[in-house]
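S.K.: I have a structure I would like to understand better, so I am pasting it below and will then ask my questions one at a time.
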Amino acid sequence: MKKLIMFLAALVIVLALAGFFLLDWGKKENKENLAGGPLTFTELTAVRGNELHDSVFVKLVCATAGEPRLVAAINECISEKLGGTYTGSYLDAQALVDHYAAQRQQQQADTRKEFEVQPEDVEYYNRIKGYVLYETDKLVTLQFTEEGYSGGAHGWFTVDGMTLRKADGRKLVSQDILLSTSKYAPDEEWAAIMNQDLKKSLDIEGKTDDELMDELQLLNPEMGIPLPEAEPYFTKDGLFFPYQQYEICSYAQGMPDFTIPYDKLDKYLNTTGKNLVK
């Protein structure tokens with residue numbers, strides 16, 4: 001009986017020690033997983049349909065390694081950009097890409113059904129691309145293009161992007177980085193840069209500002225040229241502002257844009273913006 005008691009006591013001690021070491025190892029393992037290593041982006045692809053009709057092609061750069069909360073925050077921003085309907089883990093980037101490819105395919109099918117269009121009559125397609133445009137130790141800018149056709153005189157095309165702060169994955173919109181919240185140029189210097197770039201985009205360099213206004217299609221031209229609806233984002237040349245199709249000019253004139261260069265940008269940035277580009 002005494003030997004049995006001693007054996008059981010020894011077993012309890014061994015199990016207690018094992019539990020302690022397992023708990024300690026688990027804490028270390030959790031810390032290592034939380035650290036995650038350097039932030040890494042990977043290009044992921046999903047294809048639906050075929051080249052003959054109803055094709056969907058999605059190629060996105062997503063965060064695939066790094067501190068898990070940061071990876072999840074960045075991929076959540078990407079998901080929001082594409083519609084915000086993904087409900088899986090933001091650490092599973094391929095599942096996110098697959099989801100939006102399947103969703104776009106379903107949207108094409110729904111459009112066909114609604115308008116009773118047969119695949120052999122009209123070819124539908126949708127192509128989405130997202131990639132790293134610019135990166136520093138403090139921020140990363142992702143740019144997205146999306147094009148497609150689902151009937152009508154011509155297809156559609158969009159270009160926009162977003163700048164994310166690496167410290168926490170925060171998506172930075174104009175109110176986060178700019179002092180002015182106006183929908184128009186905050187001063188004459190900004191307006192001059194904007195007008196010059198717009199003339200270049202529209203291939204009318206050398207024309208006056210009044211002639212530029214005549215080229216544009218604005219709802220309230222007396223107010224001046226509004227800033228783009230899409231959020232600006234940082235590039236290697238400065239803060240970039242893209243207009244979309246039909247936003248300020250005709251389809252044939254394309255999609256003009258302008259950039260406030262870094263050597264002119266400082267006075268327009270708030271503290272958050274300045275800390276990002278120091």
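Going through the structure tokens in order, the chains are called A, B, and so on, while each chain numbers its residues from 1 and the ligands are numbered from 1 in the order shown.
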Need to verify the contact set: segment 61-66 of chain A, 9 Å, only C-alpha atoms, exclusion of same-chain residues closer than 4 positions in sequence. Can you return it as number ranges by chain?
M.R.: A: 33-45, 70-72, 74-75, 78, 91-94, 97, 129-132, 142
S.K.: Those same residues - C-alpha atoms - I'd like them written as a tab-separated table (two decimals), in the first residue's frame.
M.R.:
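Result file follows (result.tsv):
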chain	number	residue	atom	x	y	z
A	33	ASN	CA	3.07	33.07	-33.68
A	34	LEU	CA	2.04	36.53	-32.56
A	35	ALA	CA	5.33	38.00	-33.74
A	36	GLY	CA	4.83	36.40	-37.14
A	37	GLY	CA	8.01	37.67	-38.77
A	38	PRO	CA	8.19	40.37	-41.47
A	39	LEU	CA	5.06	41.51	-43.28
A	40	THR	CA	4.90	39.58	-46.56
A	41	PHE	CA	2.64	39.96	-49.59
A	42	THR	CA	1.89	37.18	-52.07
A	43	GLU	CA	0.17	37.29	-55.45
A	44	LEU	CA	-2.83	34.94	-55.46
A	45	THR	CA	-5.08	34.02	-58.41
A	70	LEU	CA	-1.74	43.12	-38.95
A	71	VAL	CA	-2.18	40.52	-41.71
A	72	ALA	CA	-5.88	40.22	-40.87
A	74	ILE	CA	-4.78	44.45	-44.23
A	75	ASN	CA	-6.73	41.61	-45.82
A	78	ILE	CA	-8.78	44.37	-49.33
A	91	LEU	CA	-5.61	34.93	-42.46
A	92	ASP	CA	-6.77	32.64	-45.30
A	93	ALA	CA	-5.98	34.94	-48.21
A	94	GLN	CA	-6.60	32.36	-50.93
A	97	VAL	CA	-9.61	35.63	-53.43
A	129	LYS	CA	-6.02	42.98	-60.29
A	130	GLY	CA	-4.43	44.26	-57.10
A	131	TYR	CA	-0.73	44.79	-56.50
A	132	VAL	CA	1.79	46.62	-54.33
A	142	LEU	CA	-2.03	48.80	-52.95
S.K.: As a ChimeraX atom specification, please: every residue in segment 96-165 of chain A that DSSP puts in alpha helix (DSSP H).
M.R.: /A:96-115
S.K.: List every residue of segment 145-200 of chain A that has an atom at most 12 Å from any atom of segment 236-253 of chain A, giving for each one its closest atom pair and the distance in Å to one decimal, counting only C-alpha atoms, sorted by chain and then by ascending residue number, as CSV.
M.R.:
residue,atom,partner,partner_atom,distance
A:Thr145,CA,A:Gln244,CA,11.0
A:Glu146,CA,A:Gln244,CA,11.4
A:Glu147,CA,A:Gln245,CA,11.5
A:Ala153,CA,A:Tyr251,CA,11.1
A:His154,CA,A:Tyr251,CA,9.7
A:Gly155,CA,A:Tyr251,CA,10.6
A:Trp156,CA,A:Gln245,CA,7.9
A:Phe157,CA,A:Gln245,CA,7.3
A:Thr158,CA,A:Gln244,CA,6.1
A:Val159,CA,A:Gln244,CA,7.1
A:Asp160,CA,A:Pro242,CA,6.6
A:Gly161,CA,A:Pro242,CA,9.0
A:Met162,CA,A:Phe240,CA,10.2
A:Thr163,CA,A:Leu239,CA,10.1
A:Leu172,CA,A:Leu239,CA,11.9
A:Val173,CA,A:Leu239,CA,11.5
A:Ser174,CA,A:Leu239,CA,10.1
A:Ile177,CA,A:Leu239,CA,10.3
A:Leu178,CA,A:Leu239,CA,10.4
A:Ala185,CA,A:Phe241,CA,11.8
A:Trp190,CA,A:Leu239,CA,11.7
A:Ile193,CA,A:Phe241,CA,11.7
A:Met194,CA,A:Phe241,CA,9.2
A:Asp197,CA,A:Phe241,CA,10.4
A:Leu198,CA,A:Tyr243,CA,10.0
A:Lys199,CA,A:Gln253,CA,11.1
A:Lys200,CA,A:Gln253,CA,11.7
S.K.: Mind dumping the selected residues with N, CA and C atoms as a short mmCIF file (atom, residue, chain, number, x, y, z; two decimals), in the first residue's frame?
M.R.:
data_model
loop_
_atom_site.label_atom_id
_atom_site.label_comp_id
_atom_site.auth_asym_id
_atom_site.auth_seq_id
_atom_site.Cartn_x
_atom_site.Cartn_y
_atom_site.Cartn_z
N THR A 145 -7.12 47.56 -60.16
CA THR A 145 -7.82 47.84 -61.41
C THR A 145 -8.92 46.80 -61.55
N GLU A 146 -10.03 47.22 -62.09
CA GLU A 146 -11.11 46.28 -62.37
C GLU A 146 -11.76 46.68 -63.69
N GLU A 147 -11.96 45.71 -64.55
CA GLU A 147 -12.61 45.96 -65.82
C GLU A 147 -13.60 44.84 -66.12
N ALA A 153 -22.89 49.73 -74.63
CA ALA A 153 -22.05 50.20 -75.73
C ALA A 153 -20.59 49.84 -75.55
N HIS A 154 -20.15 49.75 -74.32
CA HIS A 154 -18.74 49.44 -74.06
C HIS A 154 -18.60 48.91 -72.64
N GLY A 155 -17.42 48.43 -72.36
CA GLY A 155 -17.14 47.92 -71.02
C GLY A 155 -16.84 49.04 -70.04
N TRP A 156 -16.38 48.67 -68.87
CA TRP A 156 -16.06 49.64 -67.84
C TRP A 156 -14.70 49.32 -67.24
N PHE A 157 -14.09 50.33 -66.64
CA PHE A 157 -12.74 50.19 -66.11
C PHE A 157 -12.58 51.16 -64.95
N THR A 158 -11.97 50.69 -63.86
CA THR A 158 -11.70 51.55 -62.71
C THR A 158 -10.25 51.36 -62.27
N VAL A 159 -9.68 52.43 -61.74
CA VAL A 159 -8.35 52.39 -61.14
C VAL A 159 -8.41 53.17 -59.84
N ASP A 160 -8.07 52.52 -58.76
CA ASP A 160 -7.94 53.24 -57.49
C ASP A 160 -7.01 52.47 -56.57
N GLY A 161 -6.84 52.96 -55.38
CA GLY A 161 -5.89 52.31 -54.49
C GLY A 161 -6.13 52.72 -53.05
N MET A 162 -5.28 52.23 -52.18
CA MET A 162 -5.37 52.61 -50.78
C MET A 162 -3.99 52.49 -50.13
N THR A 163 -3.74 53.42 -49.22
CA THR A 163 -2.50 53.39 -48.45
C THR A 163 -2.81 52.86 -47.06
N LEU A 172 -5.79 54.60 -44.71
CA LEU A 172 -5.75 56.04 -44.53
C LEU A 172 -6.53 56.76 -45.63
N VAL A 173 -7.57 57.46 -45.23
CA VAL A 173 -8.36 58.25 -46.17
C VAL A 173 -7.95 59.70 -46.04
N SER A 174 -8.50 60.56 -46.90
CA SER A 174 -8.04 61.95 -46.96
C SER A 174 -8.17 62.67 -45.63
N ILE A 177 -5.12 62.20 -43.28
CA ILE A 177 -3.78 62.70 -43.60
C ILE A 177 -3.72 64.15 -44.05
N LEU A 178 -4.86 64.70 -44.46
CA LEU A 178 -4.86 66.07 -44.99
C LEU A 178 -5.47 67.06 -44.00
N ALA A 185 -9.75 72.35 -54.40
CA ALA A 185 -8.35 72.68 -54.12
C ALA A 185 -8.26 73.66 -52.95
N TRP A 190 -2.09 74.46 -55.09
CA TRP A 190 -2.68 73.14 -55.32
C TRP A 190 -3.46 73.15 -56.64
N ILE A 193 -1.16 73.03 -59.70
CA ILE A 193 -0.61 71.69 -59.93
C ILE A 193 -1.67 70.78 -60.53
N MET A 194 -2.88 70.83 -59.96
CA MET A 194 -3.98 70.00 -60.43
C MET A 194 -4.32 70.32 -61.89
N ASP A 197 -1.59 69.02 -64.32
CA ASP A 197 -1.62 67.57 -64.51
C ASP A 197 -2.85 67.13 -65.31
N LEU A 198 -3.98 67.79 -65.07
CA LEU A 198 -5.19 67.43 -65.80
C LEU A 198 -5.04 67.73 -67.29
N LYS A 199 -4.41 68.83 -67.60
CA LYS A 199 -4.17 69.17 -69.01
C LYS A 199 -3.29 68.11 -69.66
N LYS A 200 -2.29 67.66 -68.93
CA LYS A 200 -1.40 66.62 -69.46
C LYS A 200 -2.16 65.33 -69.66
#
S.K.: Go through segment 29-94 of chain A and collect every residue that DSSP, computed from the backbone, puts in strand (DSSP E or B); the answer should be as a PyMOL selection string.
M.R.: chain A and resi 40-48+55-65
S.K.: For those residues, write C-alpha atoms to a file as a CSV table (one decimal), in the first residue's frame.
M.R.:
chain,number,residue,atom,x,y,z
A,40,THR,CA,4.9,39.6,-46.6
A,41,PHE,CA,2.6,40.0,-49.6
A,42,THR,CA,1.9,37.2,-52.1
A,43,GLU,CA,0.2,37.3,-55.4
A,44,LEU,CA,-2.8,34.9,-55.5
A,45,THR,CA,-5.1,34.0,-58.4
A,46,ALA,CA,-8.6,32.6,-58.9
A,47,VAL,CA,-10.2,31.9,-62.3
A,48,ARG,CA,-13.9,31.1,-63.0
A,55,SER,CA,-14.9,34.6,-67.6
A,56,VAL,CA,-13.7,35.9,-64.2
A,57,PHE,CA,-10.1,36.5,-63.5
A,58,VAL,CA,-8.9,37.7,-60.1
A,59,LYS,CA,-5.2,38.3,-59.3
A,60,LEU,CA,-4.6,40.0,-55.9
A,61,VAL,CA,-1.6,40.7,-53.7
A,62,CYS,CA,-2.7,39.8,-50.2
A,63,ALA,CA,-0.8,39.8,-46.9
A,64,THR,CA,0.2,36.2,-46.2
A,65,ALA,CA,2.8,36.4,-43.4
S.K.: Can you work out the spacing between atom CA of Ser79 of chain A and atom CA of Ala101 of chain A in Å, to one decimal?
M.R.: 11.9 Å
S.K.: I'd like a table as JSON lines: residues in segment 126-210 of chain A with an atom no more than 12 Å from segment 108-114 of chain A, each row giving the shortest atom pair and its distance in Å to one decimal, only C-alpha atoms counted, sorted by chain and rising residue number.
M.R.:
{"residue": "A:Asn126", "atom": "CA", "partner": "A:Gln108", "partner_atom": "CA", "distance": 8.6}
{"residue": "A:Gly148", "atom": "CA", "partner": "A:Gln108", "partner_atom": "CA", "distance": 10.1}
{"residue": "A:Tyr149", "atom": "CA", "partner": "A:Gln108", "partner_atom": "CA", "distance": 9.4}
{"residue": "A:Ser150", "atom": "CA", "partner": "A:Gln108", "partner_atom": "CA", "distance": 7.2}
{"residue": "A:Gly151", "atom": "CA", "partner": "A:Thr111", "partner_atom": "CA", "distance": 9.3}
S.K.: Need the shell around Leu202 of chain A: protein/DNA/RNA residues with any atom at most 10 Å away, counting only C-alpha atoms. Skip same-chain ones fewer than 5 positions apart. Format as a ChimeraX atom specification?
M.R.: /A:197,212,215-216,249,253-257
S.K.: Could you turn the residues from that selection into a file that holds C-alpha atoms, as a PDB file, in the first residue's frame?
M.R.:
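Result file selection00.pdb:
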ATOM      1  CA  ASP A 197      -1.619  67.567 -64.512  1.00  0.00           C
ATOM      2  CA  LEU A 212      -9.452  73.219 -69.489  1.00  0.00           C
ATOM      3  CA  GLU A 215     -13.052  70.397 -71.850  1.00  0.00           C
ATOM      4  CA  LEU A 216     -14.563  69.093 -68.633  1.00  0.00           C
ATOM      5  CA  CYS A 249     -15.118  64.266 -68.443  1.00  0.00           C
ATOM      6  CA  GLN A 253     -11.390  61.534 -72.718  1.00  0.00           C
ATOM      7  CA  GLY A 254     -10.341  58.758 -70.378  1.00  0.00           C
ATOM      8  CA  MET A 255      -9.545  58.930 -66.682  1.00  0.00           C
ATOM      9  CA  PRO A 256      -7.435  61.984 -65.770  1.00  0.00           C
ATOM     10  CA  ASP A 257      -5.427  62.243 -62.568  1.00  0.00           C
TER      11      ASP A 257
END
S.K.: Please measure the separation of atom CA of Asp187 of chain A and atom CA of Met213 of chain A, giving the value in Å to one decimal.
M.R.: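 Separation of atom CA of Asp187 of chain A and atom CA of Met213 of chain A: 17.6 Å.
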S.K.: Please report the interatomic distance between atom CA of Val140 of chain A and atom CA of Leu164 of chain A in Å with one decimal.
M.R.: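 Result for atom CA of Val140 of chain A versus atom CA of Leu164 of chain A: 5.4 Å, one decimal.
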S.K.: With distances taken over only C-alpha atoms, which of A:Tyr184, A:Tyr134, A:Tyr262, A:Phe144 is nearest to Leu227 of chain A?
M.R.: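 Ranking A:Tyr184, A:Tyr134, A:Tyr262, A:Phe144 by distance to Leu227 of chain A, first place goes to A:Tyr184.
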